[in-house]
>>> print(open('entry_16.pdb').read())   # PDB, C-alpha atoms
ATOM      1  CA  MET A   1      74.019  33.447-114.543
ATOM      2  CA  ILE A   2      70.806  35.086-113.315
ATOM      3  CA  ALA A   3      68.850  33.173-115.950
ATOM      4  CA  ALA A   4      70.418  29.895-114.802
ATOM      5  CA  VAL A   5      69.503  30.572-111.191
ATOM      6  CA  TRP A   6      66.044  31.676-112.274
ATOM      7  CA  LEU A   7      65.439  28.473-114.237
ATOM      8  CA  ARG A   8      66.632  26.308-111.342
ATOM      9  CA  ALA A   9      64.327  28.077-108.875
ATOM     10  CA  PRO A  10      61.167  26.179-108.081
ATOM     11  CA  ALA A  11      58.057  27.427-109.851
ATOM     12  CA  ARG A  12      56.596  28.578-106.577
ATOM     13  CA  ALA A  13      59.615  30.770-105.807
ATOM     14  CA  ARG A  14      59.505  32.251-109.310
ATOM     15  CA  LEU A  15      55.846  33.056-108.912
ATOM     16  CA  HIS A  16      56.537  34.678-105.538
ATOM     17  CA  ALA A  17      59.338  36.783-107.051
ATOM     18  CA  LEU A  18      57.093  37.897-109.898
ATOM     19  CA  ARG A  19      54.325  38.824-107.491
ATOM     20  CA  GLU A  20      56.759  40.819-105.380
ATOM     21  CA  LEU A  21      58.072  42.661-108.441
ATOM     22  CA  TYR A  22      54.521  43.443-109.567
ATOM     23  CA  ARG A  23      53.543  44.630-106.084
ATOM     24  CA  ARG A  24      56.578  46.900-105.761
ATOM     25  CA  PHE A  25      56.296  48.389-109.224
ATOM     26  CA  PHE A  26      52.605  49.102-109.187
ATOM     27  CA  GLY A  27      52.451  49.776-105.455
ATOM     28  CA  GLU A  28      54.897  52.642-105.811
ATOM     29  CA  ASN A  29      53.014  54.107-108.738
ATOM     30  CA  THR A  30      49.584  54.236-107.164
ATOM     31  CA  PRO A  31      48.049  57.678-106.573
ATOM     32  CA  ASP A  32      48.304  57.008-102.857
ATOM     33  CA  ALA A  33      52.029  56.258-103.031
ATOM     34  CA  ARG A  34      52.664  59.260-105.271
ATOM     35  CA  GLY A  35      50.847  61.484-102.785
ATOM     36  CA  ARG A  36      52.905  60.158 -99.891
ATOM     37  CA  ARG A  37      56.108  60.690-101.848
ATOM     38  CA  LEU A  38      55.192  64.280-102.699
ATOM     39  CA  LEU A  39      54.267  64.968 -99.078
ATOM     40  CA  ALA A  40      57.573  63.548 -97.827
ATOM     41  CA  GLU A  41      59.490  65.764-100.251
ATOM     42  CA  TRP A  42      57.798  68.923 -98.948
ATOM     43  CA  LEU A  43      57.864  68.227 -95.201
ATOM     44  CA  SER A  44      60.638  69.592 -93.024
ATOM     45  CA  PRO A  45      63.058  66.951 -91.705
ATOM     46  CA  ALA A  46      61.388  67.128 -88.279
ATOM     47  CA  GLN A  47      57.894  66.788 -89.755
ATOM     48  CA  ARG A  48      59.004  63.875 -91.943
ATOM     49  CA  ALA A  49      60.512  62.032 -88.982
ATOM     50  CA  GLN A  50      57.368  62.638 -86.943
ATOM     51  CA  PHE A  51      55.147  61.429 -89.782
ATOM     52  CA  GLU A  52      57.182  58.276 -90.326
ATOM     53  CA  GLN A  53      57.005  57.451 -86.635
ATOM     54  CA  HIS A  54      53.475  58.521 -85.710
ATOM     55  CA  ARG A  55      51.498  58.939 -88.974
ATOM     56  CA  TYR A  56      50.976  62.632 -88.174
ATOM     57  CA  PHE A  57      53.063  65.790 -88.199
ATOM     58  CA  ASP A  58      52.783  69.141 -86.427
ATOM     59  CA  VAL A  59      52.427  72.494 -88.126
ATOM     60  CA  VAL A  60      52.722  75.979 -86.598
ATOM     61  CA  GLY A  61      50.133  78.427 -87.875
ATOM     62  CA  CYS A  62      51.701  81.493 -89.476
ATOM     63  CA  ASP A  63      49.168  83.956 -88.042
ATOM     64  CA  THR A  64      48.557  82.826 -84.457
ATOM     65  CA  GLY A  65      51.538  80.602 -83.698
ATOM     66  CA  LYS A  66      49.129  77.842 -82.670
ATOM     67  CA  THR A  67      50.181  74.256 -83.273
ATOM     68  CA  TYR A  68      48.086  71.927 -85.410
ATOM     69  CA  ARG A  69      48.500  68.186 -85.754
ATOM     70  CA  VAL A  70      47.797  66.867 -89.236
ATOM     71  CA  HIS A  71      46.882  63.179 -89.192
ATOM     72  CA  TYR A  72      46.982  60.784 -92.111
ATOM     73  CA  GLY A  73      43.593  61.055 -93.771
ATOM     74  CA  THR A  74      41.394  63.049 -96.092
ATOM     75  CA  ALA A  75      38.827  64.594 -93.739
ATOM     76  CA  ALA A  76      38.489  65.665 -90.108
ATOM     77  CA  ASN A  77      42.212  65.021 -89.727
ATOM     78  CA  VAL A  78      43.508  68.354 -88.361
ATOM     79  CA  HIS A  79      43.596  68.993 -84.623
ATOM     80  CA  GLU A  80      44.663  72.114 -82.815
ATOM     81  CA  ILE A  81      46.828  70.958 -79.906
ATOM     82  CA  ASP A  82      48.017  72.518 -76.659
ATOM     83  CA  ASP A  83      51.514  72.605 -75.201
ATOM     84  CA  GLU A  84      51.015  69.103 -73.827
ATOM     85  CA  GLY A  85      50.100  67.741 -77.253
ATOM     86  CA  ARG A  86      46.431  67.315 -76.315
ATOM     87  CA  ALA A  87      43.851  68.045 -78.981
ATOM     88  CA  THR A  88      41.720  71.050 -78.066
ATOM     89  CA  MET A  89      39.741  71.473 -81.286
ATOM     90  CA  GLY A  90      39.275  69.740 -84.602
ATOM     91  CA  TRP A  91      39.319  71.655 -87.880
ATOM     92  CA  CYS A  92      38.017  70.197 -91.101
ATOM     93  CA  PHE A  93      39.135  71.784 -94.368
ATOM     94  CA  VAL A  94      40.296  70.003 -97.484
ATOM     95  CA  PRO A  95      41.218  70.759-101.083
ATOM     96  CA  SER A  96      38.245  70.298-103.405
ATOM     97  CA  GLY A  97      38.125  67.187-105.556
ATOM     98  CA  PHE A  98      39.001  63.705-104.445
ATOM     99  CA  LEU A  99      42.676  63.852-103.642
ATOM    100  CA  VAL A 100      44.754  61.179-101.955
ATOM    101  CA  PRO A 101      45.708  61.571 -98.275
ATOM    102  CA  GLY A 102      49.282  62.741 -98.945
ATOM    103  CA  ASP A 103      48.056  65.550-101.195
ATOM    104  CA  VAL A 104      45.339  66.588 -98.753
ATOM    105  CA  MET A 105      47.813  66.721 -95.881
ATOM    106  CA  LEU A 106      50.329  68.728 -97.901
ATOM    107  CA  ALA A 107      47.681  71.265 -98.912
ATOM    108  CA  GLN A 108      46.662  71.570 -95.241
ATOM    109  CA  LYS A 109      50.285  72.107 -94.177
ATOM    110  CA  ILE A 110      50.834  74.825 -96.764
ATOM    111  CA  ALA A 111      47.548  76.528 -95.917
ATOM    112  CA  LEU A 112      48.289  76.627 -92.179
ATOM    113  CA  GLU A 113      51.882  77.728 -92.650
ATOM    114  CA  THR A 114      51.153  80.456 -95.200
ATOM    115  CA  ASP A 115      47.532  81.568 -94.734
ATOM    116  CA  GLU A 116      46.306  80.162 -91.432
ATOM    117  CA  ASN A 117      43.478  82.627 -90.819
ATOM    118  CA  ALA A 118      41.921  82.007 -94.226
ATOM    119  CA  ALA A 119      42.118  78.233 -93.781
ATOM    120  CA  ILE A 120      40.563  78.363 -90.314
ATOM    121  CA  ALA A 121      37.876  80.790 -91.486
ATOM    122  CA  LEU A 122      36.510  78.303 -93.991
ATOM    123  CA  ALA A 123      37.066  75.192 -91.859
ATOM    124  CA  ASN A 124      34.321  73.418 -89.960
ATOM    125  CA  ARG A 125      35.045  72.813 -86.308
ATOM    126  CA  PHE A 126      34.512  69.488 -84.608
ATOM    127  CA  PRO A 127      35.121  68.303 -81.067
ATOM    128  CA  PRO A 128      38.485  66.553 -80.868
ATOM    129  CA  ALA A 129      37.055  63.661 -78.876
ATOM    130  CA  THR A 130      35.105  62.577 -81.962
ATOM    131  CA  HIS A 131      38.024  60.539 -83.177
ATOM    132  CA  SER A 132      40.610  58.531 -81.330
ATOM    133  CA  GLU A 133      44.077  57.716 -82.592
ATOM    134  CA  HIS A 134      42.637  54.430 -83.867
ATOM    135  CA  PHE A 135      40.383  56.367 -86.237
ATOM    136  CA  TYR A 136      43.307  57.135 -88.473
ATOM    137  CA  ARG A 137      44.088  53.974 -90.394
ATOM    138  CA  ARG A 138      47.633  52.785 -90.914
ATOM    139  CA  PRO A 139      48.774  54.200 -94.237
ATOM    140  CA  PHE A 140      51.551  51.822 -95.201
TER     141      PHE A 140
ATOM    142  CA  MET R   1      64.466  72.095-116.025
ATOM    143  CA  ALA R   2      61.683  73.566-113.911
ATOM    144  CA  THR R   3      58.542  71.714-112.874
ATOM    145  CA  GLN R   4      54.930  72.612-112.230
ATOM    146  CA  ILE R   5      53.259  69.995-110.040
ATOM    147  CA  VAL R   6      49.478  69.907-110.093
ATOM    148  CA  MET R   7      47.670  67.833-107.465
ATOM    149  CA  ASP R   8      44.935  65.666-108.918
ATOM    150  CA  GLN R   9      43.253  62.308-108.493
ATOM    151  CA  THR R  10      46.299  60.479-109.873
ATOM    152  CA  GLY R  11      48.401  61.932-107.044
ATOM    153  CA  ASP R  12      49.892  64.673-109.187
ATOM    154  CA  THR R  13      50.630  65.626-112.774
ATOM    155  CA  ARG R  14      54.017  67.162-113.541
ATOM    156  CA  HIS R  15      54.763  69.633-116.307
ATOM    157  CA  GLU R  16      58.460  70.113-116.953
ATOM    158  CA  PHE R  17      59.793  73.021-118.953
ATOM    159  CA  ASP R  18      63.073  74.701-119.772
ATOM    160  CA  PRO R  19      63.047  78.201-118.224
ATOM    161  CA  GLY R  20      65.592  79.251-120.819
ATOM    162  CA  ASN R  21      63.186  78.534-123.625
ATOM    163  CA  ALA R  22      60.933  81.555-124.162
ATOM    164  CA  GLU R  23      58.138  79.522-125.728
ATOM    165  CA  ALA R  24      58.141  76.940-122.931
ATOM    166  CA  LEU R  25      58.247  79.722-120.358
ATOM    167  CA  ALA R  26      55.233  81.402-121.933
ATOM    168  CA  ARG R  27      53.307  78.114-121.848
ATOM    169  CA  ALA R  28      54.227  77.648-118.174
ATOM    170  CA  GLU R  29      53.076  81.173-117.378
ATOM    171  CA  GLN R  30      49.818  80.535-119.221
ATOM    172  CA  ARG R  31      49.318  77.313-117.242
ATOM    173  CA  PHE R  32      49.993  79.226-114.020
ATOM    174  CA  ARG R  33      47.344  81.795-114.904
ATOM    175  CA  GLU R  34      44.788  79.155-115.863
ATOM    176  CA  LEU R  35      45.290  77.152-112.692
ATOM    177  CA  THR R  36      45.254  80.081-110.278
ATOM    178  CA  GLY R  37      42.297  81.515-112.184
ATOM    179  CA  ALA R  38      40.472  78.249-111.570
ATOM    180  CA  GLY R  39      41.079  78.559-107.823
ATOM    181  CA  PHE R  40      44.302  76.614-107.399
ATOM    182  CA  THR R  41      46.855  77.879-104.885
ATOM    183  CA  ALA R  42      50.459  78.039-106.042
ATOM    184  CA  ALA R  43      53.447  77.604-103.756
ATOM    185  CA  TYR R  44      57.113  76.832-103.931
ATOM    186  CA  ARG R  45      59.745  75.671-101.518
ATOM    187  CA  THR R  46      62.183  78.181-100.063
ATOM    188  CA  GLY R  47      64.037  75.651 -97.909
ATOM    189  CA  PRO R  48      63.596  72.207 -96.370
ATOM    190  CA  GLY R  49      59.943  72.168 -95.308
ATOM    191  CA  GLU R  50      59.580  75.920 -95.859
ATOM    192  CA  VAL R  51      56.940  77.044 -98.303
ATOM    193  CA  THR R  52      55.897  80.366 -99.810
ATOM    194  CA  ARG R  53      52.635  81.065-101.624
ATOM    195  CA  ILE R  54      52.861  82.965-104.868
ATOM    196  CA  LYS R  55      50.155  84.882-106.675
ATOM    197  CA  SER R  56      52.035  85.622-109.855
ATOM    198  CA  PHE R  57      54.222  83.499-112.067
ATOM    199  CA  ASP R  58      57.850  83.309-110.939
ATOM    200  CA  PRO R  59      60.114  82.271-113.823
ATOM    201  CA  THR R  60      62.944  81.525-111.387
ATOM    202  CA  ALA R  61      60.953  79.008-109.327
ATOM    203  CA  HIS R  62      62.488  75.591-109.776
ATOM    204  CA  GLU R  63      59.391  73.755-108.607
ATOM    205  CA  THR R  64      55.879  75.150-108.205
ATOM    206  CA  LEU R  65      53.082  73.184-106.569
ATOM    207  CA  PHE R  66      49.388  73.766-107.236
ATOM    208  CA  TYR R  67      46.570  72.503-105.051
ATOM    209  CA  PRO R  68      42.823  72.961-105.583
ATOM    210  CA  ARG R  69      40.703  75.496-103.722
ATOM    211  CA  LEU R  70      40.174  74.653-100.058
ATOM    212  CA  VAL R  71      36.684  74.000 -98.754
ATOM    213  CA  GLY R  72      35.275  73.320 -95.310
ATOM    214  CA  GLY R  73      34.966  69.578 -94.800
TER     215      GLY R  73
END
>>> encode(input="entry_16.pdb", output="C-alpha coordinates")
Amino acid sequence: MIAAVWLRAPARARLHALRELYRRFFGENTPDARGRRLLAEWLSPAQRAQFEQHRYFDVVGCDTGKTYRVHYGTAANVHEIDDEGRATMGWCFVPSGFLVPGDVMLAQKIALETDENAAIALANRFPPATHSEHFYRRPF
Amino acid sequence: MATQIVMDQTGDTRHEFDPGNAEALARAEQRFRELTGAGFTAAYRTGPGEVTRIKSFDPTAHETLFYPRLVGG
(Lines of atoms letter the chains of each structure in order from A and count residues from 1; the text may use other names and numbers.)
(Lines give C-alpha, C1' and ligand atoms only; values in the text may rest on other atoms or scores of the structure.)
Protein backbone atom coordinates (compact mmCIF):
# COMPACT_ATOMS: atom_id res chain seq x y z
CA MET A 1 0.00 0.00 0.00
CA ILE A 2 2.71 2.46 1.05
CA ALA A 3 4.84 1.33 -1.88
CA ALA A 4 1.93 1.91 -4.28
CA VAL A 5 1.37 5.41 -2.96
CA TRP A 6 5.10 6.05 -3.05
CA LEU A 7 5.38 4.98 -6.69
CA ARG A 8 2.40 7.13 -7.70
CA ALA A 9 3.86 10.21 -5.99
CA PRO A 10 5.53 12.63 -8.34
CA ALA A 11 9.31 12.49 -8.39
CA ARG A 12 9.51 15.92 -6.84
CA ALA A 13 7.39 14.88 -3.86
CA ARG A 14 9.49 11.75 -3.38
CA LEU A 15 12.65 13.79 -3.43
CA HIS A 16 11.16 16.21 -0.89
CA ALA A 17 10.18 13.31 1.39
CA LEU A 18 13.66 11.83 1.16
CA ARG A 19 15.25 15.17 1.96
CA GLU A 20 12.98 15.60 4.95
CA LEU A 21 13.82 12.11 6.23
CA TYR A 22 17.54 12.79 5.80
CA ARG A 23 17.26 16.16 7.55
CA ARG A 24 15.34 14.72 10.50
CA PHE A 25 17.57 11.70 10.96
CA PHE A 26 20.88 13.46 10.72
CA GLY A 27 19.63 16.70 12.26
CA GLU A 28 18.70 14.90 15.45
CA ASN A 29 22.03 13.13 15.62
CA THR A 30 24.27 16.15 15.29
CA PRO A 31 26.45 17.06 18.29
CA ASP A 32 24.41 20.22 18.66
CA ALA A 33 21.12 18.33 18.83
CA ARG A 34 22.56 15.77 21.23
CA GLY A 35 23.76 18.57 23.49
CA ARG A 36 20.34 20.21 23.48
CA ARG A 37 18.68 16.90 24.28
CA LEU A 38 21.03 16.23 27.20
CA LEU A 39 20.47 19.75 28.53
CA ALA A 40 16.68 19.37 28.33
CA GLU A 41 16.87 16.10 30.26
CA TRP A 42 18.79 17.73 33.13
CA LEU A 43 16.88 21.01 33.44
CA SER A 44 14.08 21.40 35.95
CA PRO A 45 10.60 21.64 34.40
CA ALA A 46 10.58 25.40 35.02
CA GLN A 47 14.02 25.87 33.47
CA ARG A 48 13.06 23.73 30.47
CA ALA A 49 9.90 25.76 29.86
CA GLN A 50 11.86 28.99 30.16
CA PHE A 51 14.53 27.75 27.77
CA GLU A 52 12.00 26.61 25.18
CA GLN A 53 10.28 29.98 25.30
CA HIS A 54 13.20 32.39 25.66
CA ARG A 55 16.40 30.49 24.75
CA TYR A 56 17.74 31.05 28.28
CA PHE A 57 17.06 29.68 31.74
CA ASP A 58 17.66 31.00 35.25
CA VAL A 59 19.82 29.35 37.87
CA VAL A 60 20.08 30.17 41.59
CA GLY A 61 23.63 30.07 42.93
CA CYS A 62 24.04 27.60 45.78
CA ASP A 63 26.37 29.82 47.82
CA THR A 64 24.95 33.34 47.51
CA GLY A 65 21.38 32.78 46.36
CA LYS A 66 22.03 35.13 43.44
CA THR A 67 20.20 34.47 40.19
CA TYR A 68 22.09 33.89 36.96
CA ARG A 69 20.63 33.78 33.47
CA VAL A 70 22.28 31.24 31.19
CA HIS A 71 21.79 32.11 27.52
CA TYR A 72 22.15 29.78 24.57
CA GLY A 73 25.80 29.97 23.57
CA THR A 74 29.31 28.83 24.31
CA ALA A 75 30.97 31.96 25.72
CA ALA A 76 30.04 35.16 27.55
CA ASN A 77 26.55 33.74 27.96
CA VAL A 78 25.99 33.94 31.74
CA HIS A 79 24.52 37.07 33.30
CA GLU A 80 23.90 37.79 36.94
CA ILE A 81 20.44 39.37 37.13
CA ASP A 82 18.57 41.44 39.70
CA ASP A 83 15.04 40.98 41.01
CA GLU A 84 13.69 42.78 37.95
CA GLY A 85 15.48 40.41 35.59
CA ARG A 86 18.00 43.05 34.52
CA ALA A 87 21.56 41.93 33.90
CA THR A 88 23.96 43.45 36.42
CA MET A 89 27.14 41.58 35.51
CA GLY A 90 28.38 39.12 32.94
CA TRP A 91 30.40 36.05 33.92
CA CYS A 92 32.39 34.05 31.42
CA PHE A 93 33.40 30.51 32.36
CA VAL A 94 33.17 27.43 30.20
CA PRO A 95 34.21 23.78 30.23
CA SER A 96 37.54 23.27 28.48
CA GLY A 97 37.52 21.79 24.99
CA PHE A 98 35.14 22.69 22.23
CA LEU A 99 31.77 21.57 23.48
CA VAL A 100 28.40 22.30 21.91
CA PRO A 101 26.15 24.98 23.44
CA GLY A 102 23.84 22.53 25.25
CA ASP A 103 26.78 20.89 27.01
CA VAL A 104 28.35 24.22 27.93
CA MET A 105 25.08 25.49 29.38
CA LEU A 106 24.52 22.30 31.37
CA ALA A 107 28.03 22.45 32.84
CA GLN A 108 27.40 26.10 33.80
CA LYS A 109 24.09 25.20 35.46
CA ILE A 110 25.66 22.40 37.49
CA ALA A 111 28.62 24.56 38.49
CA LEU A 112 26.42 27.43 39.70
CA GLU A 113 23.99 25.15 41.50
CA THR A 114 26.61 23.01 43.23
CA ASP A 115 29.82 25.07 43.50
CA GLU A 116 28.95 28.68 42.71
CA ASN A 117 31.88 30.33 44.47
CA ALA A 118 34.44 28.20 42.65
CA ALA A 119 32.82 28.89 39.28
CA ILE A 120 32.67 32.64 39.89
CA ALA A 121 36.24 32.68 41.21
CA LEU A 122 37.63 31.44 37.91
CA ALA A 123 35.20 33.34 35.67
CA ASN A 124 36.08 36.51 33.82
CA ARG A 125 33.69 39.38 34.35
CA PHE A 126 32.29 41.46 31.53
CA PRO A 127 29.85 44.36 31.46
CA PRO A 128 26.36 43.07 30.71
CA ALA A 129 25.73 45.80 28.15
CA THR A 130 28.32 44.19 25.88
CA HIS A 131 25.72 41.92 24.38
CA SER A 132 22.08 42.47 23.60
CA GLU A 133 19.45 39.77 23.38
CA HIS A 134 20.10 39.71 19.63
CA PHE A 135 23.66 38.56 20.29
CA TYR A 136 22.44 35.11 21.16
CA ARG A 137 21.55 33.39 17.92
CA ARG A 138 18.40 31.34 17.55
CA PRO A 139 19.36 27.75 18.31
CA PHE A 140 16.65 25.81 16.53
CA MET B 1 21.64 -0.66 33.44
CA ALA B 2 23.55 2.38 34.67
CA THR B 3 25.11 5.01 32.42
CA GLN B 4 28.16 7.24 32.53
CA ILE B 5 27.73 10.22 30.22
CA VAL B 6 30.89 12.03 29.20
CA MET B 7 30.57 15.41 27.47
CA ASP B 8 32.76 15.71 24.40
CA GLN B 9 32.86 17.25 20.95
CA THR B 10 30.29 14.76 19.64
CA GLY B 11 27.79 16.03 22.23
CA ASP B 12 28.39 13.16 24.63
CA THR B 13 29.64 9.59 24.80
CA ARG B 14 27.65 7.11 26.88
CA HIS B 15 29.05 4.10 28.68
CA GLU B 16 26.40 1.68 29.88
CA PHE B 17 27.12 -1.01 32.42
CA ASP B 18 25.30 -3.49 34.60
CA PRO B 19 25.83 -2.51 38.26
CA GLY B 20 25.17 -6.11 39.21
CA ASN B 21 28.15 -7.29 37.24
CA ALA B 22 31.29 -6.97 39.38
CA GLU B 23 33.62 -6.75 36.39
CA ALA B 24 31.54 -4.06 34.68
CA LEU B 25 31.28 -2.17 37.96
CA ALA B 26 35.05 -2.24 38.39
CA ARG B 27 35.52 -0.88 34.86
CA ALA B 28 33.00 1.90 35.58
CA GLU B 29 34.81 2.79 38.79
CA GLN B 30 38.12 2.85 36.93
CA ARG B 31 36.60 5.14 34.29
CA PHE B 32 35.29 7.40 37.06
CA ARG B 33 38.75 7.66 38.59
CA GLU B 34 40.42 8.36 35.24
CA LEU B 35 37.96 11.07 34.29
CA THR B 36 37.93 12.87 37.63
CA GLY B 37 41.71 12.51 37.76
CA ALA B 38 41.87 14.28 34.41
CA GLY B 39 39.85 17.20 35.80
CA PHE B 40 36.32 16.19 34.88
CA THR B 41 33.52 16.99 37.32
CA ALA B 42 31.06 14.21 38.07
CA ALA B 43 27.42 14.78 38.97
CA TYR B 44 24.17 12.92 39.11
CA ARG B 45 20.54 13.84 39.28
CA THR B 46 18.71 13.65 42.60
CA GLY B 47 15.38 14.88 41.23
CA PRO B 48 13.93 16.79 38.28
CA GLY B 49 16.51 19.49 37.61
CA GLU B 50 18.32 18.80 40.90
CA VAL B 51 21.96 17.86 40.68
CA THR B 52 24.60 16.71 43.16
CA ARG B 53 28.35 16.66 42.55
CA ILE B 54 30.20 13.54 43.57
CA LYS B 55 33.89 13.10 44.24
CA SER B 56 33.93 9.35 44.59
CA PHE B 57 32.34 6.58 42.59
CA ASP B 58 28.76 5.81 43.59
CA PRO B 59 27.76 2.31 42.45
CA THR B 60 24.08 3.12 43.06
CA ALA B 61 24.02 6.14 40.73
CA HIS B 62 21.78 5.36 37.80
CA GLU B 63 23.25 8.08 35.61
CA THR B 64 26.48 9.99 36.16
CA LEU B 65 27.46 12.98 34.04
CA PHE B 66 31.03 14.15 33.50
CA TYR B 67 32.02 17.55 32.18
CA PRO B 68 35.54 18.87 31.55
CA ARG B 69 37.37 21.25 33.87
CA LEU B 70 35.95 24.77 33.87
CA VAL B 71 38.09 27.68 32.73
CA GLY B 72 37.55 31.42 32.61
CA GLY B 73 36.33 32.40 29.16
>>> residues_around(input="entry_16.pdb", residues="Ala42 (chain R)", least_positions_apart="6", cutoff="8 Å", atoms="all atoms listed in the file", output="PyMOL selection string")
chain R and resi 36+53-55+64-67
>>> interface_residues(input="entry_16.pdb", of="chain A", to="chain R", cutoff="6 Å", atoms="all atoms listed in the file", output="list in words")
Pro31, Arg34, Gly35, Trp42, Leu43, Ser44, Cys92, Phe93, Val94, Pro95, Ser96, Leu99, Leu122, Ala123 and Asn124 of chain A
>>> axis_aligned_box(input="entry_16.pdb", around="region 9-23 of chain R", padding_each_side="5 Å", output="lines of an AutoDock Vina configuration file")
center_x = 54.4
center_y = 71.0
center_z = -116.4
size_x = 32.3
size_y = 31.1
size_z = 28.7
>>> atom_distance(input="entry_16.pdb", atom1="CA of Ala24 (chain R)", atom2="CA of Gly37 (chain R)")
19.7 Å
>>> resolve_selection(input="entry_16.pdb", expression="the PyMOL selection byres ((chain R and resi 57-62) around 6)", output="list in words")
Ala2, Glu29, Ser56 and Glu63 of chain R
>>> atom_distance(input="entry_16.pdb", atom1="CA of Thr74 (chain A)", atom2="CA of Val104 (chain A)")
5.9 Å
>>> atom_distance(input="entry_16.pdb", atom1="CA of Ala111 (chain A)", atom2="CA of Phe57 (chain A)")
14.3 Å
>>> resolve_selection(input="entry_16.pdb", expression="the PyMOL selection byres ((chain R and resi 17) around 9)", output="VMD selection string")
chain R and resid 1 to 4 15 to 16 18 to 21 24 to 25 27 to 28
>>> resolve_selection(input="entry_16.pdb", expression="the PyMOL selection byres ((chain A and resi 72) around 6)", output="list in words")
Arg55, Tyr56, His71 and Gly73 of chain A
>>> residues_around(input="entry_16.pdb", residues="region 82-87 of chain A", least_positions_apart="5", cutoff="9 Å", atoms="all atoms listed in the file", output="ChimeraX atom specification")
/A:66-69,127-129
